[in-house]
Amino acid sequence: MNGVHDMGGMHGMGPILAEKNEPVFHAPWEGRVLALRRAMAAWRKWNIDVTRHEVELVPPAEYLRLSYYERQFVAFLEMLVKSGLVTRAELESGIPAQGSAKATPTLTPEKAAVLVARGVPTRRDVLVTPRFRGGDHVRARNMHPVGHTRLPRYARGKLGVIDRDHGVFVFPDTNAHFLGEKPQHVYSVRFAARELWGQQASPRDSVFLDMWDDYLETA
Amino acid sequence: MLVVENTPQVHNLVVCTLCSCYPWPVLGLPPVWYKSAPYRSRAVIDPRGVLREFGLELPQETEVRVWDSTAELRYLVLPERPAGTEHLNEEQLAALVTRDAMVGVARVSPSQKDASA
């Protein structure tokens with residue numbers, strides 16, 4: 001979706017504020033949000049692409065106003081409701097509805113630690129023919145899906161060169177909508193800074209993006 | 001994880017314009033500025049300006065490579081070995097490396113570790 005999350009190349013966002021001796025969390029609740037999100041992934045009600053898309057669905061003004069962990073929390077609550085783990089009424093009251101089913105088996109801290117350490121790999125060990133090879137000239141598709149995509153706007157329609165093939169990965173555009181994994185090759189694609197930004201950019205510079213096969217066409 | 005090497009000719013910078021992808025297993029959780037709109041929006045269109053904001057002025061002849069982490073690959077910058085550190089061993093060199101240098105917004109200083117990282 002052409003959302004405000006896709007901010008590569010935007011102006012007016014202000015100075016970069018780097019904090020000296022920054023703590024890992026600025027408040028204990030931030031750590032709780034991170035832990036909740038990581039641990040609750042164990043129920044497999046969603047996947048990494050669903051979680052990213054849910055954050056993108058935070059309305060633009062809110063997205064920019066909220067802190068990172070606030071956005072993550074808002075998106076997390078939406079996922080809980082959409083996946084049927086809790087109802088909106090339960091969220092509002094803070095009390096489980098009478099007779100509501102409990103998710104089993106219980107997720108214990110020990111199990112959560114193992115699951116978090118293991119992660120959820122998105123690389124797939126399947127044989128898929130790559131459409132491109134290193135050195136091929138390609139164009140990023142000019143596409144504007146209303147759903148999730150990892151093809152940033154600033155690269156769409158632009159010419160690049162395949163730098164290397166990373167192998168086969170789950171396709172976020174379908175996976176984020178529970179439409180299947182559609183595993184395909186991901187390439188590192190090199191775009192000259194001038195192709196992306198015109199003459200204001202240095203002729204020496206470039207931006208590398210990782211792109212799925214479906215984002216590319218032969219140029 | 002992919003490691004990209006800084007050399008006298010090439011400077012690498014890592015960003016995630018779409019969210020906040022970052023090499024957690026090695027660097028831990030990212031700082032707030034890495035996840036912020038100012039960094040995410042400008043790192044790809046004006047990397048030299050971003051580096052200047054971090055106090056790093058690159059010569060025009062240096063090639064800048066920006067890595068936008070759009071997939072599940074994670075990027076880490078191998079900083080350039082500072083001049084005057086030929087006598088240091090691996091451990092002493094490692095002590096000079098900062099988080100910022102591994103994101104690509106700083107160089108490794110030959111003397112003291114930057115307090116911000």
# chains A, B, ... in the order shown; residues from 1 in each chain; ligands from 1

$ select_by_dssp --residues "region 7-193 of chain A" --states "strand (DSSP E or B)" --output "list of chain:residue names"
A:Arg123, A:His137, A:Val138, A:Arg139, A:Ala140, A:Leu159, A:Gly160, A:Val161, A:Ile162, A:Asp163, A:Arg164, A:Asp165, A:His166, A:Gly167, A:Val168, A:Phe169, A:Gln184, A:His185, A:Val186, A:Tyr187, A:Ser188, A:Val189, A:Arg190, A:Phe191, A:Ala192

$ closest_atom_pairs --of "chain B" --to "chain A" --cutoff "9 Å" --atoms "only C-alpha atoms" --output "CSV"
residue,atom,partner,partner_atom,distance
B:Cys16,CA,A:Gly8,CA,8.7
B:Thr17,CA,A:Gly8,CA,5.1
B:Leu18,CA,A:Asp6,CA,4.9
B:Cys19,CA,A:His5,CA,6.7
B:Gly28,CA,A:Val24,CA,8.7
B:Leu29,CA,A:Val24,CA,7.0
B:Pro30,CA,A:Val24,CA,8.3
B:Pro31,CA,A:Glu22,CA,7.2
B:Val32,CA,A:Ala18,CA,7.6
B:Trp33,CA,A:Ala18,CA,5.6
B:Tyr34,CA,A:Ala18,CA,8.6
B:Lys35,CA,A:Tyr68,CA,7.1
B:Ser36,CA,A:Ile16,CA,7.8
B:Ala37,CA,A:Met13,CA,6.0
B:Pro38,CA,A:Met13,CA,4.8
B:Tyr39,CA,A:Ile16,CA,6.0
B:Arg40,CA,A:Gly8,CA,6.1
B:Ser41,CA,A:Gly8,CA,4.2
B:Arg42,CA,A:Gly9,CA,5.7
B:Ala43,CA,A:Gly8,CA,7.6
B:Val44,CA,A:Gly8,CA,6.2
B:Ile45,CA,A:Gly9,CA,5.1
B:Asp46,CA,A:Ala201,CA,7.6
B:Val50,CA,A:Ile16,CA,8.0
B:Glu53,CA,A:Ile16,CA,7.4
B:Phe54,CA,A:Ala18,CA,8.4
B:Gln60,CA,A:Ser202,CA,8.0
B:Glu61,CA,A:Arg204,CA,7.6
B:Thr62,CA,A:Arg204,CA,7.6
B:Glu63,CA,A:Arg204,CA,5.2
B:Val64,CA,A:Asp205,CA,4.7
B:Arg65,CA,A:Ser206,CA,5.1
B:Val66,CA,A:Val207,CA,4.6
B:Trp67,CA,A:Phe208,CA,4.9
B:Asp68,CA,A:Leu209,CA,5.2
B:Ser69,CA,A:Leu209,CA,6.7
B:Thr70,CA,A:Asp210,CA,5.5
B:Ala71,CA,A:Asp210,CA,5.6
B:Glu72,CA,A:Thr122,CA,7.3
B:Leu73,CA,A:Asp210,CA,7.8
B:Ala115,CA,A:Asn21,CA,6.7
B:Ser116,CA,A:Lys20,CA,4.6
B:Ala117,CA,A:Asn21,CA,6.8

$ write_last_selection --atoms "N, CA and C atoms" --output "tab-separated table (two decimals), in the first residue's frame"
chain	number	residue	atom	x	y	z
B	16	CYS	N	16.40	0.81	6.85
B	16	CYS	CA	15.18	0.10	6.45
B	16	CYS	C	14.13	1.18	6.28
B	17	THR	N	13.85	1.54	5.02
B	17	THR	CA	12.93	2.66	4.77
B	17	THR	C	11.48	2.28	5.09
B	18	LEU	N	11.14	0.97	4.98
B	18	LEU	CA	9.75	0.55	5.11
B	18	LEU	C	9.33	0.26	6.55
B	19	CYS	N	10.28	-0.16	7.39
B	19	CYS	CA	9.92	-0.38	8.80
B	19	CYS	C	11.16	-0.12	9.65
B	28	GLY	N	21.76	-6.17	18.64
B	28	GLY	CA	20.70	-5.94	19.62
B	28	GLY	C	19.60	-5.10	19.00
B	29	LEU	N	18.77	-4.50	19.84
B	29	LEU	CA	17.65	-3.71	19.34
B	29	LEU	C	18.16	-2.37	18.81
B	30	PRO	N	17.53	-1.87	17.75
B	30	PRO	CA	18.03	-0.62	17.15
B	30	PRO	C	17.73	0.60	18.02
B	31	PRO	N	18.56	1.64	17.90
B	31	PRO	CA	18.27	2.89	18.61
B	31	PRO	C	17.05	3.57	17.99
B	32	VAL	N	16.45	4.49	18.74
B	32	VAL	CA	15.24	5.17	18.26
B	32	VAL	C	15.48	5.88	16.93
B	33	TRP	N	16.63	6.54	16.78
B	33	TRP	CA	16.85	7.30	15.54
B	33	TRP	C	16.82	6.42	14.31
B	34	TYR	N	17.27	5.15	14.43
B	34	TYR	CA	17.29	4.24	13.29
B	34	TYR	C	15.86	3.94	12.81
B	35	LYS	N	14.91	3.93	13.77
B	35	LYS	CA	13.52	3.61	13.46
B	35	LYS	C	12.70	4.85	13.14
B	36	SER	N	13.34	6.01	13.20
B	36	SER	CA	12.61	7.27	13.08
B	36	SER	C	12.43	7.71	11.63
B	37	ALA	N	11.39	8.53	11.41
B	37	ALA	CA	11.08	9.03	10.07
B	37	ALA	C	12.24	9.84	9.47
B	38	PRO	N	12.91	10.70	10.24
B	38	PRO	CA	13.99	11.47	9.62
B	38	PRO	C	15.09	10.59	9.01
B	39	TYR	N	15.51	9.55	9.71
B	39	TYR	CA	16.56	8.68	9.18
B	39	TYR	C	16.04	7.82	8.02
B	40	ARG	N	14.89	7.20	8.21
B	40	ARG	CA	14.34	6.31	7.18
B	40	ARG	C	14.04	7.06	5.88
B	41	SER	N	13.59	8.31	5.98
B	41	SER	CA	13.23	9.05	4.77
B	41	SER	C	14.46	9.54	4.02
B	42	ARG	N	15.49	9.95	4.75
B	42	ARG	CA	16.60	10.63	4.08
B	42	ARG	C	17.81	9.77	3.74
B	43	ALA	N	17.97	8.62	4.42
B	43	ALA	CA	19.18	7.82	4.20
B	43	ALA	C	19.36	7.43	2.73
B	44	VAL	N	18.24	7.21	2.02
B	44	VAL	CA	18.36	6.77	0.63
B	44	VAL	C	18.51	7.94	-0.35
B	45	ILE	N	17.91	9.08	-0.05
B	45	ILE	CA	17.94	10.20	-1.01
B	45	ILE	C	19.12	11.13	-0.74
B	46	ASP	N	19.56	11.18	0.51
B	46	ASP	CA	20.66	12.10	0.85
B	46	ASP	C	21.60	11.48	1.88
B	50	VAL	N	22.94	12.87	5.59
B	50	VAL	CA	22.70	12.12	6.83
B	50	VAL	C	24.02	11.90	7.57
B	53	GLU	N	25.24	14.89	9.26
B	53	GLU	CA	24.51	15.12	10.51
B	53	GLU	C	25.11	14.31	11.66
B	54	PHE	N	25.69	13.17	11.32
B	54	PHE	CA	26.35	12.34	12.34
B	54	PHE	C	27.82	12.75	12.51
B	60	GLN	N	34.00	13.80	-1.96
B	60	GLN	CA	33.17	13.57	-3.15
B	60	GLN	C	33.57	12.28	-3.86
B	61	GLU	N	34.87	11.95	-3.82
B	61	GLU	CA	35.33	10.79	-4.60
B	61	GLU	C	34.98	9.45	-3.93
B	62	THR	N	34.56	9.50	-2.67
B	62	THR	CA	34.13	8.25	-2.02
B	62	THR	C	32.80	7.80	-2.61
B	63	GLU	N	32.69	6.50	-2.86
B	63	GLU	CA	31.44	5.94	-3.36
B	63	GLU	C	30.57	5.54	-2.16
B	64	VAL	N	29.32	5.99	-2.15
B	64	VAL	CA	28.42	5.64	-1.05
B	64	VAL	C	27.44	4.57	-1.54
B	65	ARG	N	27.37	3.48	-0.77
B	65	ARG	CA	26.40	2.43	-1.07
B	65	ARG	C	25.41	2.34	0.08
B	66	VAL	N	24.15	2.55	-0.22
B	66	VAL	CA	23.10	2.46	0.80
B	66	VAL	C	22.40	1.12	0.64
B	67	TRP	N	22.21	0.43	1.74
B	67	TRP	CA	21.54	-0.88	1.72
B	67	TRP	C	20.19	-0.74	2.38
B	68	ASP	N	19.11	-0.76	1.59
B	68	ASP	CA	17.76	-0.65	2.12
B	68	ASP	C	17.27	-2.08	2.39
B	69	SER	N	17.09	-2.40	3.67
B	69	SER	CA	16.76	-3.78	4.08
B	69	SER	C	15.30	-4.10	3.80
B	70	THR	N	14.97	-4.34	2.55
B	70	THR	CA	13.56	-4.55	2.20
B	70	THR	C	13.11	-6.00	2.35
B	71	ALA	N	14.07	-6.94	2.49
B	71	ALA	CA	13.68	-8.37	2.62
B	71	ALA	C	14.19	-8.91	3.96
B	72	GLU	N	14.38	-10.22	4.04
B	72	GLU	CA	14.78	-10.83	5.31
B	72	GLU	C	16.29	-10.96	5.46
B	73	LEU	N	17.04	-10.34	4.55
B	73	LEU	CA	18.49	-10.29	4.71
B	73	LEU	C	18.80	-9.13	5.65
B	115	ALA	N	31.16	7.25	23.15
B	115	ALA	CA	30.28	7.00	24.29
B	115	ALA	C	28.84	6.73	23.86
B	116	SER	N	28.44	7.18	22.68
B	116	SER	CA	27.05	7.02	22.27
B	116	SER	C	26.72	5.58	21.89
B	117	ALA	N	27.72	4.78	21.60
B	117	ALA	CA	27.45	3.41	21.17
B	117	ALA	C	27.93	2.41	22.21

$ residues_around --residues "Met40 (chain A)" --least-positions-apart "3" --cutoff "12 Å" --atoms "only C-alpha atoms" --output "VMD selection string"
chain A and resid 32 to 37 43 to 48 51 76 to 77 79 to 80 83 85 103 106 to 109 111 to 113 115 to 116

$ closest_residue --among "A:Tyr63, A:Tyr215, A:Phe132, A:Tyr69" --to "His144 (chain A)" --atoms "only C-alpha atoms"
A:Tyr215

$ residues_around --residues "Val3 (chain B)" --least-positions-apart "6" --cutoff "9 Å" --atoms "only C-alpha atoms" --output "list in words"
Arg74, Tyr75, Leu76, Val77 and Leu78 of chain B

$ residues_around --residues "Val74 (chain A)" --least-positions-apart "4" --cutoff "8 Å" --atoms "only C-alpha atoms" --output "MDAnalysis selection string"
chainID A and resid 55 58 70 78
